[in-house]
Amino acid sequence: MNQDITVPPPSNSVHKPNLRPTLNSYFNKPTLFKAFFFCFLPFLISLFLIAYLNQSGKNSEMVLLAGFCNDSDIANVDSSESKSVPFQETRTGHACSTMGEPCISCTTFNILAPIYKRLDQQSVRESDFRAFWLARNKKIVNWLLYERSSIICLQEFWVGNEELVHMYEESLGAAGYDTFKLARTNNRGDGLLTAIHKEYFKVLNRRELFFNDFGDRVAQLLHVQSVAPFSINQNESVQQEIIIVNTHLLFPHDSSLSIVRLHQVYQILQYLEAYQRENKLSQMPVILCGDWNGSKRGHVYKFLRSQGFVSSYDIAHEYTDSDADAHKWVSHRNHRGNICGVDFIWLRNPHKSQKLLKISWAEAAFGIIKYQLKKVSLAENDAFSFLRADSSGNHVTYSAFCNALRQVNLTGLSHGLSFQETKDLWVQADADGNGVVDYEEFKRIWDATWLQHMDEDCSLEDSNEGIAEDEAIGFAVKKAVLFPHEVEKGIWPENYSLSDHARLTAVFSPVRLRCSKQSL
């Protein structure tokens with residue numbers, strides 16, 4: 001007899017019939033019922049358990065994963081980017097072929113290394129959860145491949161993770177890019193990645209710059225040449241050479257680090273000069289990309305402006321260096337919750353006339369000294385008295401000058417000014433070389449305006465003649481875009497989670513420039 005069949009008790013029995021089916025009888029039910037019992041019901045139970053663990057506050061990977069999938073601030077699907085395709089109207093790789101003129105594009109992006117990305121308020125890092133960082137970085141790669149810029153400069157690239165490095169190198173390599181990575185010193189875990197599209201440029205040379213300073217920061221220098229000649233006009237084409245730099249400056253945790261950040265830029269510019277001199281290179285455009293960790297009101301911005309560099313985004317949008325335009329756009333929300341514009345693509349066209357780098361450096365350093373003195377509410381007369389200290393005459397001696405720098409934390413620290421740098425500043429301050437700085441010399445420094453520099457010594461050349469000695473090939477900024485688009489209005493969107501930085505892309509077209517032979 002089939003064991004699935006139950007025999008009811010006799011009619012005179014006091015027991016009720018057993019209406020419960022046996023286990024085997026479930027298999028005689030329709031397939032849909034079986035699927036519900038063995039598949040969907042356990043799934044419902046698991047959801048209930050996850051919800052229970054969330055309510056009980058247990059900090060487990062299961063709970064964190066459940067929260068991750070529902071929190072738009074850390075979700076791997078970025079709601080602000082899934083609504084529309086960025087650069088749809090200005091897809092940078094495609095734009096150059098549709099603008100009717102030769103051009104190149106450049107993207108800079110701090111992609112927020114998983115070792116720094118916090119998933120909650122308890123400092124749980126994304127790097128501990130492979131599914132999280134892998135999904136986010138795959139999306140970053142997809143957007144980079146879609147935009148297809150000629151030059152890609154990434155910061156906070158997680159060089160310490162072989163799987164992530166392989167994913168970027170393989171994906172970008174398959175799309176036609178040569179990739180170059182550089183780790184920060186002292187095994188910090190992150191670094192830089194620069195990708196050059198082989199359809200646009202061939203890499204002639206590259207260098208790695210190690211600052212070996214307080215922040216373990218580095219920079220990459222790539223000397224490239226255009227693969228196809230740029231048509232300047234109907235009768236002339238040029239295979240243009242460019243120097244590209246990718247870097248990520250130290251974060252200004254306090255004002256004493258301002259001199260470190262300024263010195264990092266000084267080293268980059270010194271290296272640029274040395275590289276061009278040693279290789280006997282003619283003047284060419286220089287593009288500096290990266291996370292500069294400072295706004296338009298900072299010392300680094302003003303230093304670079306004094307050396308003839310322009311912010312591509314500000315040029316494209318016709319913004320000035322005034323305070324009124326300083327906060328028109330943002331590109332970063334830092335760990336303190338502050339939003340500011342710190343990501344730049346700097347362009348410097350060839351100059352026949354350019355302020356000496358050492359003079360610009362001295363002006364920048366004096367700017368920091370002035371800032372530090374004003375920070376403690378010292379007006380001009382009080383600042384001179386502070387520098388003069390106990391000097392008997394109405395002047396500042398070298399020893400008093402050194403002592404003042406030590407008091408405002410610009411010397412005496414491992415990351416402060418060196419002896420030689422301090423000596424160079426003194427030489428610039430002591431204009432007449434008599435060994436002391438009088439009030440008139442001090443006033444010249446105190447009243448110096450930052451932006452008295454050669455902004456553009458070159459004008460567009462309309463002639464169809466060949467390139468003469470006083471002419472050069474440079475770039476004009478055609479377009480610059482930040483994404484997500486809200487940051488262009490000075491707003492940081494709460495539902496953006498691809499990084500804590502916005503992507504910045506600029507499009508350039510080659511132009512013939514006529515350069516003045518004047519010198520400062």
# chains A, B, ... in the order shown; residues from 1 in each chain; ligands from 1
>>> residues_around(residues="region 253-255 of chain A", least_positions_apart="5", cutoff="10 Å", atoms="only C-alpha atoms", output="list of chain:residue names")
A:Val260, A:Ile368, A:Tyr371, A:Gln372, A:Lys375, A:Val408, A:Asn409, A:Leu410
>>> select_by_dssp(residues="region 244-310 of chain A", states="alpha helix (DSSP H)", output="PDB file with all heavy atoms, in the first residue's frame")
ATOM      1  N   SER A 258      50.993  75.111   3.895  1.00  0.00           N
ATOM      2  CA  SER A 258      50.875  75.881   2.658  1.00  0.00           C
ATOM      3  C   SER A 258      52.209  75.951   1.936  1.00  0.00           C
ATOM      4  O   SER A 258      52.275  75.871   0.705  1.00  0.00           O
ATOM      5  CB  SER A 258      50.383  77.299   2.958  1.00  0.00           C
ATOM      6  OG  SER A 258      49.078  77.281   3.475  1.00  0.00           O
ATOM      7  N   ILE A 259      53.283  76.087   2.687  1.00  0.00           N
ATOM      8  CA  ILE A 259      54.605  76.189   2.072  1.00  0.00           C
ATOM      9  C   ILE A 259      55.007  74.861   1.437  1.00  0.00           C
ATOM     10  O   ILE A 259      55.732  74.834   0.431  1.00  0.00           O
ATOM     11  CB  ILE A 259      55.664  76.655   3.111  1.00  0.00           C
ATOM     12  CG1 ILE A 259      56.904  77.205   2.391  1.00  0.00           C
ATOM     13  CG2 ILE A 259      56.023  75.555   4.083  1.00  0.00           C
ATOM     14  CD1 ILE A 259      56.667  78.472   1.633  1.00  0.00           C
ATOM     15  N   VAL A 260      54.528  73.737   1.992  1.00  0.00           N
ATOM     16  CA  VAL A 260      54.831  72.421   1.414  1.00  0.00           C
ATOM     17  C   VAL A 260      54.164  72.295   0.050  1.00  0.00           C
ATOM     18  O   VAL A 260      54.784  71.876  -0.939  1.00  0.00           O
ATOM     19  CB  VAL A 260      54.351  71.289   2.340  1.00  0.00           C
ATOM     20  CG1 VAL A 260      54.673  69.931   1.734  1.00  0.00           C
ATOM     21  CG2 VAL A 260      54.992  71.415   3.713  1.00  0.00           C
ATOM     22  N   ARG A 261      52.905  72.669  -0.028  1.00  0.00           N
ATOM     23  CA  ARG A 261      52.163  72.573  -1.272  1.00  0.00           C
ATOM     24  C   ARG A 261      52.763  73.497  -2.328  1.00  0.00           C
ATOM     25  O   ARG A 261      52.884  73.134  -3.506  1.00  0.00           O
ATOM     26  CB  ARG A 261      50.694  72.898  -1.018  1.00  0.00           C
ATOM     27  CG  ARG A 261      50.054  71.947  -0.001  1.00  0.00           C
ATOM     28  CD  ARG A 261      48.630  72.321   0.363  1.00  0.00           C
ATOM     29  NE  ARG A 261      47.792  72.270  -0.800  1.00  0.00           N
ATOM     30  CZ  ARG A 261      47.369  73.327  -1.471  1.00  0.00           C
ATOM     31  NH1 ARG A 261      47.729  74.538  -1.073  1.00  0.00           N
ATOM     32  NH2 ARG A 261      46.605  73.203  -2.522  1.00  0.00           N
ATOM     33  N   LEU A 262      53.134  74.689  -1.891  1.00  0.00           N
ATOM     34  CA  LEU A 262      53.767  75.632  -2.816  1.00  0.00           C
ATOM     35  C   LEU A 262      55.095  75.080  -3.318  1.00  0.00           C
ATOM     36  O   LEU A 262      55.437  75.213  -4.498  1.00  0.00           O
ATOM     37  CB  LEU A 262      53.980  76.971  -2.114  1.00  0.00           C
ATOM     38  CG  LEU A 262      54.340  78.152  -3.012  1.00  0.00           C
ATOM     39  CD1 LEU A 262      53.161  78.528  -3.896  1.00  0.00           C
ATOM     40  CD2 LEU A 262      54.772  79.342  -2.176  1.00  0.00           C
ATOM     41  N   HIS A 263      55.820  74.438  -2.430  1.00  0.00           N
ATOM     42  CA  HIS A 263      57.115  73.878  -2.810  1.00  0.00           C
ATOM     43  C   HIS A 263      56.955  72.715  -3.777  1.00  0.00           C
ATOM     44  O   HIS A 263      57.809  72.501  -4.658  1.00  0.00           O
ATOM     45  CB  HIS A 263      57.874  73.422  -1.560  1.00  0.00           C
ATOM     46  CG  HIS A 263      59.334  73.218  -1.788  1.00  0.00           C
ATOM     47  ND1 HIS A 263      59.865  71.978  -2.075  1.00  0.00           N
ATOM     48  CD2 HIS A 263      60.375  74.083  -1.801  1.00  0.00           C
ATOM     49  CE1 HIS A 263      61.173  72.084  -2.240  1.00  0.00           C
ATOM     50  NE2 HIS A 263      61.511  73.350  -2.085  1.00  0.00           N
ATOM     51  N   GLN A 264      55.880  71.944  -3.641  1.00  0.00           N
ATOM     52  CA  GLN A 264      55.625  70.856  -4.578  1.00  0.00           C
ATOM     53  C   GLN A 264      55.434  71.397  -6.000  1.00  0.00           C
ATOM     54  O   GLN A 264      55.966  70.847  -6.966  1.00  0.00           O
ATOM     55  CB  GLN A 264      54.400  70.056  -4.129  1.00  0.00           C
ATOM     56  CG  GLN A 264      54.651  69.239  -2.873  1.00  0.00           C
ATOM     57  CD  GLN A 264      53.383  68.625  -2.295  1.00  0.00           C
ATOM     58  OE1 GLN A 264      52.263  68.988  -2.671  1.00  0.00           O
ATOM     59  NE2 GLN A 264      53.543  67.703  -1.369  1.00  0.00           N
ATOM     60  N   VAL A 265      54.691  72.492  -6.115  1.00  0.00           N
ATOM     61  CA  VAL A 265      54.503  73.106  -7.429  1.00  0.00           C
ATOM     62  C   VAL A 265      55.819  73.681  -7.943  1.00  0.00           C
ATOM     63  O   VAL A 265      56.140  73.564  -9.130  1.00  0.00           O
ATOM     64  CB  VAL A 265      53.428  74.211  -7.354  1.00  0.00           C
ATOM     65  CG1 VAL A 265      53.230  74.865  -8.722  1.00  0.00           C
ATOM     66  CG2 VAL A 265      52.101  73.642  -6.867  1.00  0.00           C
ATOM     67  N   TYR A 266      56.582  74.284  -7.057  1.00  0.00           N
ATOM     68  CA  TYR A 266      57.888  74.846  -7.425  1.00  0.00           C
ATOM     69  C   TYR A 266      58.791  73.755  -7.997  1.00  0.00           C
ATOM     70  O   TYR A 266      59.467  73.955  -9.010  1.00  0.00           O
ATOM     71  CB  TYR A 266      58.519  75.496  -6.198  1.00  0.00           C
ATOM     72  CG  TYR A 266      59.795  76.267  -6.452  1.00  0.00           C
ATOM     73  CD1 TYR A 266      59.988  76.994  -7.620  1.00  0.00           C
ATOM     74  CD2 TYR A 266      60.815  76.291  -5.498  1.00  0.00           C
ATOM     75  CE1 TYR A 266      61.155  77.712  -7.844  1.00  0.00           C
ATOM     76  CE2 TYR A 266      61.977  77.012  -5.701  1.00  0.00           C
ATOM     77  CZ  TYR A 266      62.151  77.724  -6.881  1.00  0.00           C
ATOM     78  OH  TYR A 266      63.300  78.437  -7.092  1.00  0.00           O
ATOM     79  N   GLN A 267      58.788  72.575  -7.370  1.00  0.00           N
ATOM     80  CA  GLN A 267      59.596  71.462  -7.867  1.00  0.00           C
ATOM     81  C   GLN A 267      59.140  71.020  -9.255  1.00  0.00           C
ATOM     82  O   GLN A 267      59.970  70.708 -10.122  1.00  0.00           O
ATOM     83  CB  GLN A 267      59.524  70.281  -6.900  1.00  0.00           C
ATOM     84  CG  GLN A 267      60.310  70.478  -5.608  1.00  0.00           C
ATOM     85  CD  GLN A 267      60.358  69.193  -4.803  1.00  0.00           C
ATOM     86  OE1 GLN A 267      61.029  68.230  -5.162  1.00  0.00           O
ATOM     87  NE2 GLN A 267      59.612  69.168  -3.706  1.00  0.00           N
ATOM     88  N   ILE A 268      57.819  70.986  -9.467  1.00  0.00           N
ATOM     89  CA  ILE A 268      57.303  70.600 -10.784  1.00  0.00           C
ATOM     90  C   ILE A 268      57.792  71.575 -11.851  1.00  0.00           C
ATOM     91  O   ILE A 268      58.273  71.175 -12.914  1.00  0.00           O
ATOM     92  CB  ILE A 268      55.761  70.554 -10.769  1.00  0.00           C
ATOM     93  CG1 ILE A 268      55.264  69.372  -9.921  1.00  0.00           C
ATOM     94  CG2 ILE A 268      55.209  70.436 -12.191  1.00  0.00           C
ATOM     95  CD1 ILE A 268      53.769  69.350  -9.715  1.00  0.00           C
ATOM     96  N   LEU A 269      57.672  72.862 -11.567  1.00  0.00           N
ATOM     97  CA  LEU A 269      58.071  73.872 -12.547  1.00  0.00           C
ATOM     98  C   LEU A 269      59.585  73.883 -12.758  1.00  0.00           C
ATOM     99  O   LEU A 269      60.061  74.081 -13.889  1.00  0.00           O
ATOM    100  CB  LEU A 269      57.580  75.251 -12.100  1.00  0.00           C
ATOM    101  CG  LEU A 269      56.055  75.394 -11.963  1.00  0.00           C
ATOM    102  CD1 LEU A 269      55.682  76.811 -11.592  1.00  0.00           C
ATOM    103  CD2 LEU A 269      55.352  74.972 -13.247  1.00  0.00           C
ATOM    104  N   GLN A 270      60.352  73.660 -11.687  1.00  0.00           N
ATOM    105  CA  GLN A 270      61.803  73.547 -11.845  1.00  0.00           C
ATOM    106  C   GLN A 270      62.158  72.351 -12.729  1.00  0.00           C
ATOM    107  O   GLN A 270      63.044  72.430 -13.589  1.00  0.00           O
ATOM    108  CB  GLN A 270      62.471  73.388 -10.478  1.00  0.00           C
ATOM    109  CG  GLN A 270      62.576  74.654  -9.652  1.00  0.00           C
ATOM    110  CD  GLN A 270      63.252  74.401  -8.319  1.00  0.00           C
ATOM    111  OE1 GLN A 270      62.924  73.462  -7.592  1.00  0.00           O
ATOM    112  NE2 GLN A 270      64.225  75.239  -7.993  1.00  0.00           N
ATOM    113  N   TYR A 271      61.463  71.254 -12.506  1.00  0.00           N
ATOM    114  CA  TYR A 271      61.721  70.043 -13.281  1.00  0.00           C
ATOM    115  C   TYR A 271      61.366  70.248 -14.748  1.00  0.00           C
ATOM    116  O   TYR A 271      62.069  69.779 -15.647  1.00  0.00           O
ATOM    117  CB  TYR A 271      60.929  68.879 -12.692  1.00  0.00           C
ATOM    118  CG  TYR A 271      61.430  67.517 -13.136  1.00  0.00           C
ATOM    119  CD1 TYR A 271      62.508  66.921 -12.504  1.00  0.00           C
ATOM    120  CD2 TYR A 271      60.827  66.851 -14.207  1.00  0.00           C
ATOM    121  CE1 TYR A 271      62.984  65.680 -12.911  1.00  0.00           C
ATOM    122  CE2 TYR A 271      61.293  65.616 -14.621  1.00  0.00           C
ATOM    123  CZ  TYR A 271      62.370  65.029 -13.974  1.00  0.00           C
ATOM    124  OH  TYR A 271      62.840  63.820 -14.384  1.00  0.00           O
ATOM    125  N   LEU A 272      60.261  70.958 -14.983  1.00  0.00           N
ATOM    126  CA  LEU A 272      59.861  71.276 -16.354  1.00  0.00           C
ATOM    127  C   LEU A 272      60.954  72.063 -17.063  1.00  0.00           C
ATOM    128  O   LEU A 272      61.328  71.752 -18.205  1.00  0.00           O
ATOM    129  CB  LEU A 272      58.564  72.085 -16.347  1.00  0.00           C
ATOM    130  CG  LEU A 272      57.242  71.329 -16.340  1.00  0.00           C
ATOM    131  CD1 LEU A 272      56.088  72.300 -16.117  1.00  0.00           C
ATOM    132  CD2 LEU A 272      57.052  70.571 -17.638  1.00  0.00           C
ATOM    133  N   GLU A 273      61.456  73.096 -16.400  1.00  0.00           N
ATOM    134  CA  GLU A 273      62.517  73.920 -16.986  1.00  0.00           C
ATOM    135  C   GLU A 273      63.765  73.086 -17.268  1.00  0.00           C
ATOM    136  O   GLU A 273      64.374  73.184 -18.338  1.00  0.00           O
ATOM    137  CB  GLU A 273      62.863  75.078 -16.048  1.00  0.00           C
ATOM    138  CG  GLU A 273      61.867  76.219 -16.073  1.00  0.00           C
ATOM    139  CD  GLU A 273      62.407  77.460 -15.380  1.00  0.00           C
ATOM    140  OE1 GLU A 273      63.497  77.384 -14.762  1.00  0.00           O
ATOM    141  OE2 GLU A 273      61.748  78.508 -15.458  1.00  0.00           O
ATOM    142  N   ALA A 274      64.136  72.246 -16.294  1.00  0.00           N
ATOM    143  CA  ALA A 274      65.342  71.427 -16.457  1.00  0.00           C
ATOM    144  C   ALA A 274      65.175  70.424 -17.592  1.00  0.00           C
ATOM    145  O   ALA A 274      66.104  70.208 -18.390  1.00  0.00           O
ATOM    146  CB  ALA A 274      65.649  70.703 -15.146  1.00  0.00           C
ATOM    147  N   TYR A 275      64.006  69.815 -17.701  1.00  0.00           N
ATOM    148  CA  TYR A 275      63.760  68.815 -18.747  1.00  0.00           C
ATOM    149  C   TYR A 275      63.855  69.453 -20.130  1.00  0.00           C
ATOM    150  O   TYR A 275      64.488  68.908 -21.043  1.00  0.00           O
ATOM    151  CB  TYR A 275      62.390  68.171 -18.552  1.00  0.00           C
ATOM    152  CG  TYR A 275      62.033  67.185 -19.636  1.00  0.00           C
ATOM    153  CD1 TYR A 275      62.539  65.889 -19.624  1.00  0.00           C
ATOM    154  CD2 TYR A 275      61.210  67.561 -20.702  1.00  0.00           C
ATOM    155  CE1 TYR A 275      62.230  64.991 -20.636  1.00  0.00           C
ATOM    156  CE2 TYR A 275      60.892  66.669 -21.711  1.00  0.00           C
ATOM    157  CZ  TYR A 275      61.407  65.390 -21.675  1.00  0.00           C
ATOM    158  OH  TYR A 275      61.108  64.493 -22.681  1.00  0.00           O
ATOM    159  N   GLN A 276      63.229  70.612 -20.283  1.00  0.00           N
ATOM    160  CA  GLN A 276      63.263  71.277 -21.584  1.00  0.00           C
ATOM    161  C   GLN A 276      64.675  71.754 -21.928  1.00  0.00           C
ATOM    162  O   GLN A 276      65.087  71.686 -23.089  1.00  0.00           O
ATOM    163  CB  GLN A 276      62.282  72.442 -21.597  1.00  0.00           C
ATOM    164  CG  GLN A 276      60.824  72.001 -21.573  1.00  0.00           C
ATOM    165  CD  GLN A 276      59.857  73.164 -21.636  1.00  0.00           C
ATOM    166  OE1 GLN A 276      59.628  73.848 -20.642  1.00  0.00           O
ATOM    167  NE2 GLN A 276      59.287  73.403 -22.797  1.00  0.00           N
ATOM    168  N   ARG A 277      65.400  72.210 -20.926  1.00  0.00           N
ATOM    169  CA  ARG A 277      66.760  72.694 -21.152  1.00  0.00           C
ATOM    170  C   ARG A 277      67.704  71.538 -21.506  1.00  0.00           C
ATOM    171  O   ARG A 277      68.480  71.621 -22.469  1.00  0.00           O
ATOM    172  CB  ARG A 277      67.262  73.431 -19.909  1.00  0.00           C
ATOM    173  CG  ARG A 277      68.648  74.044 -20.065  1.00  0.00           C
ATOM    174  CD  ARG A 277      69.013  74.895 -18.858  1.00  0.00           C
ATOM    175  NE  ARG A 277      68.990  74.147 -17.610  1.00  0.00           N
ATOM    176  CZ  ARG A 277      68.055  74.288 -16.674  1.00  0.00           C
ATOM    177  NH1 ARG A 277      67.063  75.145 -16.833  1.00  0.00           N
ATOM    178  NH2 ARG A 277      68.094  73.566 -15.554  1.00  0.00           N
ATOM    179  N   GLU A 278      67.631  70.452 -20.755  1.00  0.00           N
ATOM    180  CA  GLU A 278      68.533  69.320 -20.975  1.00  0.00           C
ATOM    181  C   GLU A 278      68.282  68.642 -22.313  1.00  0.00           C
ATOM    182  O   GLU A 278      69.203  68.116 -22.942  1.00  0.00           O
ATOM    183  CB  GLU A 278      68.370  68.308 -19.836  1.00  0.00           C
ATOM    184  CG  GLU A 278      68.907  68.801 -18.498  1.00  0.00           C
ATOM    185  CD  GLU A 278      68.456  67.929 -17.335  1.00  0.00           C
ATOM    186  OE1 GLU A 278      67.825  66.873 -17.607  1.00  0.00           O
ATOM    187  OE2 GLU A 278      68.715  68.294 -16.176  1.00  0.00           O
ATOM    188  N   HIS A 299      47.350  80.095  -2.543  1.00  0.00           N
ATOM    189  CA  HIS A 299      48.699  80.471  -2.973  1.00  0.00           C
ATOM    190  C   HIS A 299      49.145  79.693  -4.208  1.00  0.00           C
ATOM    191  O   HIS A 299      49.844  80.233  -5.069  1.00  0.00           O
ATOM    192  CB  HIS A 299      49.692  80.252  -1.834  1.00  0.00           C
ATOM    193  CG  HIS A 299      49.363  81.027  -0.594  1.00  0.00           C
ATOM    194  ND1 HIS A 299      49.456  82.399  -0.522  1.00  0.00           N
ATOM    195  CD2 HIS A 299      48.921  80.619   0.622  1.00  0.00           C
ATOM    196  CE1 HIS A 299      49.089  82.802   0.680  1.00  0.00           C
ATOM    197  NE2 HIS A 299      48.767  81.744   1.390  1.00  0.00           N
ATOM    198  N   VAL A 300      48.755  78.418  -4.299  1.00  0.00           N
ATOM    199  CA  VAL A 300      49.157  77.605  -5.442  1.00  0.00           C
ATOM    200  C   VAL A 300      48.548  78.154  -6.724  1.00  0.00           C
ATOM    201  O   VAL A 300      49.228  78.278  -7.752  1.00  0.00           O
ATOM    202  CB  VAL A 300      48.750  76.134  -5.221  1.00  0.00           C
ATOM    203  CG1 VAL A 300      48.832  75.346  -6.525  1.00  0.00           C
ATOM    204  CG2 VAL A 300      49.647  75.480  -4.168  1.00  0.00           C
ATOM    205  N   TYR A 301      47.275  78.486  -6.672  1.00  0.00           N
ATOM    206  CA  TYR A 301      46.599  79.044  -7.839  1.00  0.00           C
ATOM    207  C   TYR A 301      47.305  80.309  -8.306  1.00  0.00           C
ATOM    208  O   TYR A 301      47.610  80.490  -9.495  1.00  0.00           O
ATOM    209  CB  TYR A 301      45.140  79.348  -7.495  1.00  0.00           C
ATOM    210  CG  TYR A 301      44.340  79.948  -8.639  1.00  0.00           C
ATOM    211  CD1 TYR A 301      43.631  79.125  -9.513  1.00  0.00           C
ATOM    212  CD2 TYR A 301      44.297  81.324  -8.844  1.00  0.00           C
ATOM    213  CE1 TYR A 301      42.902  79.662 -10.563  1.00  0.00           C
ATOM    214  CE2 TYR A 301      43.575  81.866  -9.890  1.00  0.00           C
ATOM    215  CZ  TYR A 301      42.874  81.037 -10.742  1.00  0.00           C
ATOM    216  OH  TYR A 301      42.160  81.582 -11.796  1.00  0.00           O
ATOM    217  N   LYS A 302      47.614  81.194  -7.374  1.00  0.00           N
ATOM    218  CA  LYS A 302      48.235  82.467  -7.723  1.00  0.00           C
ATOM    219  C   LYS A 302      49.661  82.272  -8.235  1.00  0.00           C
ATOM    220  O   LYS A 302      50.111  82.989  -9.138  1.00  0.00           O
ATOM    221  CB  LYS A 302      48.206  83.394  -6.506  1.00  0.00           C
ATOM    222  CG  LYS A 302      46.798  83.768  -6.092  1.00  0.00           C
ATOM    223  CD  LYS A 302      46.764  84.501  -4.765  1.00  0.00           C
ATOM    224  CE  LYS A 302      45.346  84.840  -4.354  1.00  0.00           C
ATOM    225  NZ  LYS A 302      45.280  85.481  -3.014  1.00  0.00           N
ATOM    226  N   PHE A 303      50.362  81.302  -7.678  1.00  0.00           N
ATOM    227  CA  PHE A 303      51.718  81.008  -8.138  1.00  0.00           C
ATOM    228  C   PHE A 303      51.710  80.538  -9.592  1.00  0.00           C
ATOM    229  O   PHE A 303      52.490  81.010 -10.428  1.00  0.00           O
ATOM    230  CB  PHE A 303      52.336  79.954  -7.220  1.00  0.00           C
ATOM    231  CG  PHE A 303      53.756  79.578  -7.553  1.00  0.00           C
ATOM    232  CD1 PHE A 303      54.648  80.505  -8.056  1.00  0.00           C
ATOM    233  CD2 PHE A 303      54.197  78.273  -7.354  1.00  0.00           C
ATOM    234  CE1 PHE A 303      55.963  80.148  -8.352  1.00  0.00           C
ATOM    235  CE2 PHE A 303      55.500  77.912  -7.635  1.00  0.00           C
ATOM    236  CZ  PHE A 303      56.382  78.853  -8.149  1.00  0.00           C
ATOM    237  N   LEU A 304      50.805  79.615  -9.914  1.00  0.00           N
ATOM    238  CA  LEU A 304      50.718  79.114 -11.276  1.00  0.00           C
ATOM    239  C   LEU A 304      50.272  80.206 -12.248  1.00  0.00           C
ATOM    240  O   LEU A 304      50.756  80.286 -13.379  1.00  0.00           O
ATOM    241  CB  LEU A 304      49.762  77.920 -11.336  1.00  0.00           C
ATOM    242  CG  LEU A 304      50.328  76.617 -10.764  1.00  0.00           C
ATOM    243  CD1 LEU A 304      49.235  75.578 -10.590  1.00  0.00           C
ATOM    244  CD2 LEU A 304      51.435  76.076 -11.650  1.00  0.00           C
ATOM    245  N   ARG A 305      49.380  81.059 -11.809  1.00  0.00           N
ATOM    246  CA  ARG A 305      48.965  82.174 -12.665  1.00  0.00           C
ATOM    247  C   ARG A 305      50.145  83.112 -12.936  1.00  0.00           C
ATOM    248  O   ARG A 305      50.296  83.630 -14.031  1.00  0.00           O
ATOM    249  CB  ARG A 305      47.816  82.939 -12.005  1.00  0.00           C
ATOM    250  CG  ARG A 305      46.523  82.152 -11.901  1.00  0.00           C
ATOM    251  CD  ARG A 305      45.836  81.991 -13.253  1.00  0.00           C
ATOM    252  NE  ARG A 305      45.226  83.247 -13.661  1.00  0.00           N
ATOM    253  CZ  ARG A 305      45.566  83.916 -14.761  1.00  0.00           C
ATOM    254  NH1 ARG A 305      46.515  83.471 -15.552  1.00  0.00           N
ATOM    255  NH2 ARG A 305      44.938  85.040 -15.080  1.00  0.00           N
ATOM    256  N   SER A 306      50.983  83.294 -11.927  1.00  0.00           N
ATOM    257  CA  SER A 306      52.133  84.184 -12.116  1.00  0.00           C
ATOM    258  C   SER A 306      53.144  83.600 -13.087  1.00  0.00           C
ATOM    259  O   SER A 306      53.990  84.319 -13.607  1.00  0.00           O
ATOM    260  CB  SER A 306      52.812  84.459 -10.766  1.00  0.00           C
ATOM    261  OG  SER A 306      53.559  83.338 -10.329  1.00  0.00           O
TER     262      SER A 306
END
>>> atom_distance(atom1="CA of Asp432 (chain A)", atom2="CA of Leu378 (chain A)")
25.8 Å
>>> closest_residue(among="A:Ile287, A:Ala379, A:Ile339, A:Leu257", to="Thr411 (chain A)", atoms="only C-alpha atoms")
A:Leu257
>>> closest_atom_pairs(of="region 323-393 of chain A", to="region 435-445 of chain A", cutoff="10 Å", atoms="only C-alpha atoms", output="Markdown table")
| residue | atom | partner | partner_atom | distance |
| --- | --- | --- | --- | --- |
| A:Ala362 | CA | A:Ile445 | CA | 9.8 |
| A:Glu363 | CA | A:Ile445 | CA | 7.8 |
| A:Phe366 | CA | A:Ile445 | CA | 7.1 |
| A:Gly367 | CA | A:Ile445 | CA | 8.5 |
| A:Lys370 | CA | A:Ile445 | CA | 8.9 |
| A:Glu380 | CA | A:Lys443 | CA | 8.0 |
| A:Asn381 | CA | A:Tyr439 | CA | 9.1 |
| A:Ala383 | CA | A:Phe442 | CA | 9.5 |
| A:Phe384 | CA | A:Phe442 | CA | 7.2 |
| A:Ser385 | CA | A:Tyr439 | CA | 9.8 |
| A:Leu387 | CA | A:Phe442 | CA | 9.6 |
| A:Arg388 | CA | A:Val437 | CA | 9.0 |
| A:Gly393 | CA | A:Asp438 | CA | 9.1 |
>>> residues_around(residues="Asp190 (chain A)", least_positions_apart="3", cutoff="10 Å", atoms="only C-alpha atoms", output="ChimeraX atom specification")
/A:112-116,155-161,181-185,187,193
